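Participant: Pasting work-v4.pdb here (PDB, C-alpha atoms):
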```pdb
ATOM      1  CA  MET A1018      22.857  43.036   2.252
ATOM      2  CA  ALA A1019      25.051  45.468   0.386
ATOM      3  CA  SER A1020      24.421  49.178   0.535
ATOM      4  CA  VAL A1021      22.214  50.527  -2.209
ATOM      5  CA  VAL A1022      24.239  52.676  -4.584
ATOM      6  CA  ARG A1023      22.788  56.080  -5.452
ATOM      7  CA  THR A1024      24.199  57.787  -8.517
ATOM      8  CA  ASP A1025      24.013  61.502  -9.165
ATOM      9  CA  GLY A1026      22.763  62.499 -12.567
ATOM     10  CA  PHE A1027      23.416  65.752 -14.400
ATOM     11  CA  VAL A1028      20.651  67.617 -12.543
ATOM     12  CA  ASP A1029      21.821  66.385  -9.135
ATOM     13  CA  ARG A1030      25.408  67.423  -9.838
ATOM     14  CA  HIS A1031      24.731  70.818 -11.380
ATOM     15  CA  LEU A1032      21.534  71.938  -9.633
ATOM     16  CA  ASN A1033      20.389  69.913  -6.655
ATOM     17  CA  ARG A1034      23.786  69.556  -4.973
ATOM     18  CA  LYS A1035      24.595  73.241  -5.397
ATOM     19  CA  CYS A1036      21.244  74.220  -3.913
ATOM     20  CA  SER A1037      21.466  71.638  -1.128
ATOM     21  CA  ARG A1038      24.806  72.808   0.314
ATOM     22  CA  PRO A1039      23.432  75.909   2.093
ATOM     23  CA  LEU A1040      20.562  73.808   3.438
ATOM     24  CA  THR A1041      23.017  71.170   4.650
ATOM     25  CA  LEU A1042      24.941  73.832   6.587
ATOM     26  CA  LEU A1043      21.649  74.896   8.138
ATOM     27  CA  PHE A1044      20.668  71.320   9.044
ATOM     28  CA  LEU A1045      24.079  70.777  10.654
ATOM     29  CA  LYS A1046      23.229  73.495  13.161
ATOM     30  CA  THR A1047      20.111  71.594  14.237
ATOM     31  CA  SER A1048      19.535  68.285  15.994
ATOM     32  CA  LEU A1049      17.881  66.767  12.926
ATOM     33  CA  THR A1050      19.184  63.330  12.009
ATOM     34  CA  PRO A1051      19.713  62.225   8.399
ATOM     35  CA  ASN A1052      16.579  60.073   8.648
ATOM     36  CA  SER A1053      14.585  63.089   9.865
ATOM     37  CA  ILE A1054      15.761  65.026   6.811
ATOM     38  CA  THR A1055      14.705  62.091   4.645
ATOM     39  CA  LEU A1056      11.234  62.336   6.194
ATOM     40  CA  LEU A1057      11.133  66.081   5.549
ATOM     41  CA  ALA A1058      12.037  65.528   1.888
ATOM     42  CA  MET A1059       9.352  62.827   1.671
ATOM     43  CA  PHE A1060       6.645  65.110   3.083
ATOM     44  CA  ILE A1061       7.572  67.857   0.606
ATOM     45  CA  GLY A1062       7.364  65.265  -2.170
ATOM     46  CA  LEU A1063       3.942  64.144  -0.965
ATOM     47  CA  GLY A1064       2.872  67.785  -1.004
ATOM     48  CA  ALA A1065       4.015  67.890  -4.631
ATOM     49  CA  ALA A1066       1.840  64.866  -5.369
ATOM     50  CA  ALA A1067      -1.149  66.603  -3.770
ATOM     51  CA  ALA A1068      -0.549  69.673  -5.961
ATOM     52  CA  PHE A1069      -0.449  67.477  -9.069
ATOM     53  CA  ALA A1070      -3.688  65.802  -7.974
ATOM     54  CA  TYR A1071      -5.352  69.212  -7.611
ATOM     55  CA  GLY A1072      -4.814  69.626 -11.323
ATOM     56  CA  GLY A1073      -4.720  72.586 -13.631
ATOM     57  CA  ASP A1074      -1.691  74.505 -14.866
ATOM     58  CA  ALA A1075      -0.990  76.030 -11.461
ATOM     59  CA  GLY A1076      -1.228  72.664  -9.701
ATOM     60  CA  GLY A1077       1.138  71.081 -12.187
ATOM     61  CA  ILE A1078       3.770  73.809 -11.936
ATOM     62  CA  ILE A1079       3.578  74.009  -8.131
ATOM     63  CA  GLY A1080       3.789  70.218  -7.968
ATOM     64  CA  ALA A1081       6.848  70.126 -10.227
ATOM     65  CA  LEU A1082       8.596  72.862  -8.216
ATOM     66  CA  LEU A1083       7.811  71.164  -4.896
ATOM     67  CA  PHE A1084       9.085  67.883  -6.295
ATOM     68  CA  GLN A1085      12.355  69.570  -7.302
ATOM     69  CA  LEU A1086      12.601  71.074  -3.803
ATOM     70  CA  SER A1087      12.084  67.634  -2.250
ATOM     71  CA  LEU A1088      14.999  66.304  -4.304
ATOM     72  CA  ILE A1089      17.210  69.170  -3.150
ATOM     73  CA  VAL A1090      16.346  68.471   0.495
ATOM     74  CA  ASP A1091      16.838  64.758  -0.161
ATOM     75  CA  CYS A1092      20.445  65.485  -1.143
ATOM     76  CA  CYS A1093      21.007  66.917   2.336
ATOM     77  CA  ASP A1094      20.369  63.704   4.278
ATOM     78  CA  GLY A1095      23.365  61.959   2.729
ATOM     79  CA  GLU A1096      25.556  65.027   3.081
ATOM     80  CA  VAL A1097      24.685  65.361   6.777
ATOM     81  CA  ALA A1098      25.179  61.618   7.292
ATOM     82  CA  ARG A1099      28.670  61.735   5.769
ATOM     83  CA  ILE A1100      29.747  64.811   7.733
ATOM     84  CA  LYS A1101      28.427  63.421  11.034
ATOM     85  CA  HIS A1102      29.575  59.856  10.230
ATOM     86  CA  LEU A1103      26.013  58.540  10.539
ATOM     87  CA  GLU A1104      25.893  56.551   7.300
ATOM     88  CA  SER A1105      24.208  53.147   7.568
ATOM     89  CA  PRO A1106      22.644  50.472   5.346
ATOM     90  CA  PHE A1107      19.314  51.186   7.056
ATOM     91  CA  GLY A1108      19.587  54.863   6.160
ATOM     92  CA  ASP A1109      20.307  53.954   2.539
ATOM     93  CA  ARG A1110      17.248  51.756   2.300
ATOM     94  CA  PHE A1111      15.019  54.140   4.203
ATOM     95  CA  ASP A1112      16.040  56.875   1.755
ATOM     96  CA  LEU A1113      15.331  54.576  -1.184
ATOM     97  CA  LEU A1114      11.907  53.598   0.182
ATOM     98  CA  ALA A1115      11.002  57.237   0.866
ATOM     99  CA  ASP A1116      12.090  58.240  -2.645
ATOM    100  CA  ASN A1117       9.983  55.537  -4.238
ATOM    101  CA  MET A1118       6.986  56.388  -2.051
ATOM    102  CA  VAL A1119       7.228  59.952  -3.366
ATOM    103  CA  HIS A1120       7.665  58.777  -6.962
ATOM    104  CA  ILE A1121       4.590  56.552  -6.762
ATOM    105  CA  ALA A1122       2.631  59.359  -5.079
ATOM    106  CA  ILE A1123       3.648  61.718  -7.904
ATOM    107  CA  ILE A1124       2.393  59.173 -10.434
ATOM    108  CA  ALA A1125      -0.851  58.826  -8.464
ATOM    109  CA  GLY A1126      -1.334  62.596  -8.294
ATOM    110  CA  ILE A1127      -0.738  63.128 -12.011
ATOM    111  CA  THR A1128      -2.932  60.114 -12.777
ATOM    112  CA  TRP A1129      -5.823  61.469 -10.723
ATOM    113  CA  ALA A1130      -5.720  64.851 -12.444
ATOM    114  CA  ALA A1131      -5.384  63.231 -15.887
ATOM    115  CA  TYR A1132      -8.277  60.869 -15.155
ATOM    116  CA  ARG A1133     -10.574  63.794 -14.374
ATOM    117  CA  GLU A1134      -9.603  65.529 -17.608
ATOM    118  CA  GLU A1135      -8.820  62.694 -20.032
ATOM    119  CA  GLY A1136     -10.632  59.583 -18.784
ATOM    120  CA  LEU A1137     -10.037  56.005 -17.666
ATOM    121  CA  ILE A1138      -7.009  55.338 -19.896
ATOM    122  CA  TYR A1139      -4.800  57.262 -17.483
ATOM    123  CA  VAL A1140      -5.948  55.177 -14.526
ATOM    124  CA  LEU A1141      -4.774  52.072 -16.369
ATOM    125  CA  LEU A1142      -1.500  53.736 -17.357
ATOM    126  CA  GLY A1143      -0.955  54.901 -13.782
ATOM    127  CA  MET A1144      -1.468  51.380 -12.468
ATOM    128  CA  VAL A1145       1.003  50.007 -15.024
ATOM    129  CA  ALA A1146       3.560  52.671 -14.077
ATOM    130  CA  ALA A1147       3.142  52.140 -10.319
ATOM    131  CA  THR A1148       3.438  48.357 -10.726
ATOM    132  CA  GLY A1149       6.639  48.777 -12.724
ATOM    133  CA  MET A1150       8.116  51.101 -10.099
ATOM    134  CA  LEU A1151       7.295  48.633  -7.319
ATOM    135  CA  ILE A1152       8.992  45.823  -9.254
ATOM    136  CA  ASP A1153      12.016  48.089  -9.805
ATOM    137  CA  LEU A1154      12.179  48.770  -6.070
ATOM    138  CA  PHE A1155      11.944  45.068  -5.267
ATOM    139  CA  VAL A1156      14.798  44.055  -7.554
ATOM    140  CA  ILE A1157      17.004  46.950  -6.358
ATOM    141  CA  LEU A1158      16.425  46.106  -2.683
ATOM    142  CA  ARG A1159      16.971  42.409  -3.318
ATOM    143  CA  ASP A1160      20.297  42.899  -5.030
ATOM    144  CA  SER A1161      21.749  46.280  -5.986
ATOM    145  CA  PRO A1162      22.887  46.407  -9.645
ATOM    146  CA  ALA A1163      26.328  47.521  -8.523
ATOM    147  CA  ASN A1164      26.693  44.545  -6.160
ATOM    148  CA  GLY A1165      29.098  42.333  -8.020
ATOM    149  CA  ALA A1166      28.081  43.835 -11.361
ATOM    150  CA  THR A1167      30.628  43.937 -14.116
ATOM    151  CA  GLU A1168      31.541  47.139 -15.897
ATOM    152  CA  SER A1169      29.512  47.090 -19.069
ATOM    153  CA  LEU A1170      27.551  49.477 -21.211
ATOM    154  CA  LEU A1171      24.301  47.865 -20.061
ATOM    155  CA  ASN A1172      25.236  48.062 -16.385
ATOM    156  CA  ASN A1173      26.270  51.703 -16.736
ATOM    157  CA  PHE A1174      22.989  52.398 -18.530
ATOM    158  CA  LEU A1175      20.986  50.754 -15.741
ATOM    159  CA  VAL A1176      22.864  52.677 -13.062
ATOM    160  CA  GLN A1177      22.151  55.949 -14.862
ATOM    161  CA  LEU A1178      18.451  55.088 -14.951
ATOM    162  CA  THR A1179      18.405  55.159 -11.135
ATOM    163  CA  ASN A1180      19.223  58.875 -11.021
ATOM    164  CA  ARG A1181      16.549  61.530 -10.689
ATOM    165  CA  ASP A1182      17.056  63.683 -13.761
ATOM    166  CA  PHE A1183      13.478  62.905 -14.806
ATOM    167  CA  SER A1184      12.396  65.707 -12.443
ATOM    168  CA  VAL A1185      13.369  68.191 -15.152
ATOM    169  CA  LEU A1186      11.172  66.343 -17.644
ATOM    170  CA  ILE A1187       8.239  66.610 -15.241
ATOM    171  CA  LEU A1188       8.878  70.341 -14.809
ATOM    172  CA  PHE A1189       9.059  70.859 -18.565
ATOM    173  CA  LEU A1190       5.833  68.922 -19.140
ATOM    174  CA  ALA A1191       4.112  70.921 -16.394
ATOM    175  CA  LEU A1192       5.233  74.182 -18.000
ATOM    176  CA  VAL A1193       3.713  73.112 -21.324
ATOM    177  CA  SER A1194       0.536  71.906 -19.552
ATOM    178  CA  LYS A1195       1.157  68.229 -20.348
ATOM    179  CA  PRO A1196       2.269  66.569 -17.055
ATOM    180  CA  GLU A1197       0.115  63.543 -17.909
ATOM    181  CA  TRP A1198       2.556  62.651 -20.684
ATOM    182  CA  PHE A1199       5.007  61.607 -17.970
ATOM    183  CA  ILE A1200       2.743  58.689 -17.100
ATOM    184  CA  TRP A1201       3.431  57.217 -20.535
ATOM    185  CA  PHE A1202       7.186  57.496 -19.976
ATOM    186  CA  ALA A1203       6.893  55.946 -16.500
ATOM    187  CA  ALA A1204       4.587  53.124 -17.628
ATOM    188  CA  ILE A1205       7.025  52.080 -20.351
ATOM    189  CA  GLY A1206      10.361  52.958 -18.753
ATOM    190  CA  SER A1207       9.761  51.326 -15.372
ATOM    191  CA  HIS A1208       9.120  47.940 -16.990
ATOM    192  CA  ILE A1209      12.025  48.276 -19.395
ATOM    193  CA  TYR A1210      14.281  48.830 -16.376
ATOM    194  CA  TRP A1211      13.446  45.631 -14.486
ATOM    195  CA  LEU A1212      13.414  43.507 -17.645
ATOM    196  CA  LEU A1213      16.889  44.758 -18.619
ATOM    197  CA  TYR A1214      18.053  44.355 -15.033
ATOM    198  CA  LEU A1215      17.005  40.702 -14.822
ATOM    199  CA  TRP A1216      18.481  39.983 -18.246
ATOM    200  CA  GLN A1217      21.780  41.544 -17.156
ATOM    201  CA  ARG A1218      21.903  39.479 -13.961
ATOM    202  CA  ARG A1219      21.182  36.305 -15.927
ATOM    203  CA  VAL A1220      24.040  37.056 -18.339
ATOM    204  CA  GLN A1221      26.379  37.747 -15.418
ATOM    205  CA  SER A1222      25.472  34.488 -13.693
ATOM    206  CA  GLN A1223      26.118  32.518 -16.899
ATOM    207  CA  ASN A1224      29.563  34.153 -17.284
ATOM    208  CA  ARG A1225      30.742  33.253 -13.786
TER
END
```
Take the structure I supplied and represent it as structure tokens, if you would.

Facilitator:
Amino acid sequence: MASVVRTDGFVDRHLNRKCSRPLTLLFLKTSLTPNSITLLAMFIGLGAAAAFAYGGDAGGIIGALLFQLSLIVDCCDGEVARIKHLESPFGDRFDLLADNMVHIAIIAGITWAAYREEGLIYVLLGMVAATGMLIDLFVILRDSPANGATESLLNNFLVQLTNRDFSVLILFLALVSKPEWFIWFAAIGSHIYWLLYLWQRRVQSQNR
């Protein structure tokens, strides 16, 4: 199975990577493996989800900041792997699974807080969003979009959707006390992604 391609978005390039470099130098002085760093990033992300679940303005802002920190640490695993020549398909997929576990946990945390404040509608939206994210993960693991994909506007759009710039949206919504609005974006966007993905693959197969 081909390696899963991770693309850096604007936030990764201009914030996360710059913040991750000093941490990477620190990790290189330890015995931590890239997969151990992936686990560390995942646990920070799960802590962010717990903060979101706690609710309130403070919980939302702390959750958003912890989530951003988890993404910064998550940049380090790949950097350490490349420097130490420890890159592997397993590491790619483990990183992808850990990322998606955090993303679903974030959705669950925001959903729980929104349910307590707004009612059952957010439970339904959270379930729709989580289902869409699981389908996205399945289609990406089954066949990466970049694996044999042609250069096209749609393919480039789909690849960009796999970056993590949405963390800034979550932070903004937390700062304005509306983190639950992200569930609407996730519920709609996650399903748009896999539908466009499957349509793209069908078009590609017909053109071969």

Participant: Please write the residues picked by the PyMOL selection byres ((chain A and resi 1084-1100) around 9) on this file as an NGL selection string.

Facilitator: :A and (1029 or 1032-1038 or 1040-1042 or 1044-1045 or 1050-1066 or 1079-1083 or 1101-1105 or 1108-1109 or 1112 or 1116 or 1119 or 1123 or 1181 or 1184-1185 or 1188)

Participant: Any chance you could work out the residue set of the PyMOL selection byres ((chain A and resi 1211) around 8) here, as a list in words?

Facilitator: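 The output of the PyMOL selection byres ((chain A and resi 1211) around 8) on this file is Gly1149, Ile1152, Asp1153, Val1156, Ser1207, His1208, Ile1209, Tyr1210, Leu1212, Leu1213, Tyr1214 and Leu1215 of chain A.
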
Participant: Identify which of the residues A:Ala1125, A:Ala1115, A:Ala1130, A:Leu1141 lies closest to Tyr1071 in chain A, counting all atoms listed in the file when measuring atom-to-atom distances.

Facilitator: A:Ala1130

Participant: Would you please work out which residue, of A:Thr1148, A:Ala1191, A:Lys1046, A:Val1028, is nearest to Ala1068 in chain A when using all atoms listed in the file?

Facilitator: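 For Ala1068 in chain A, the nearest of the given residues is A:Ala1191.
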
Participant: Kindly give the distance, in Å, that separates CA of Ser1222 in chain A and CA of Ile1157 in chain A, rounded to a single decimal.

Facilitator: 16.8 Å
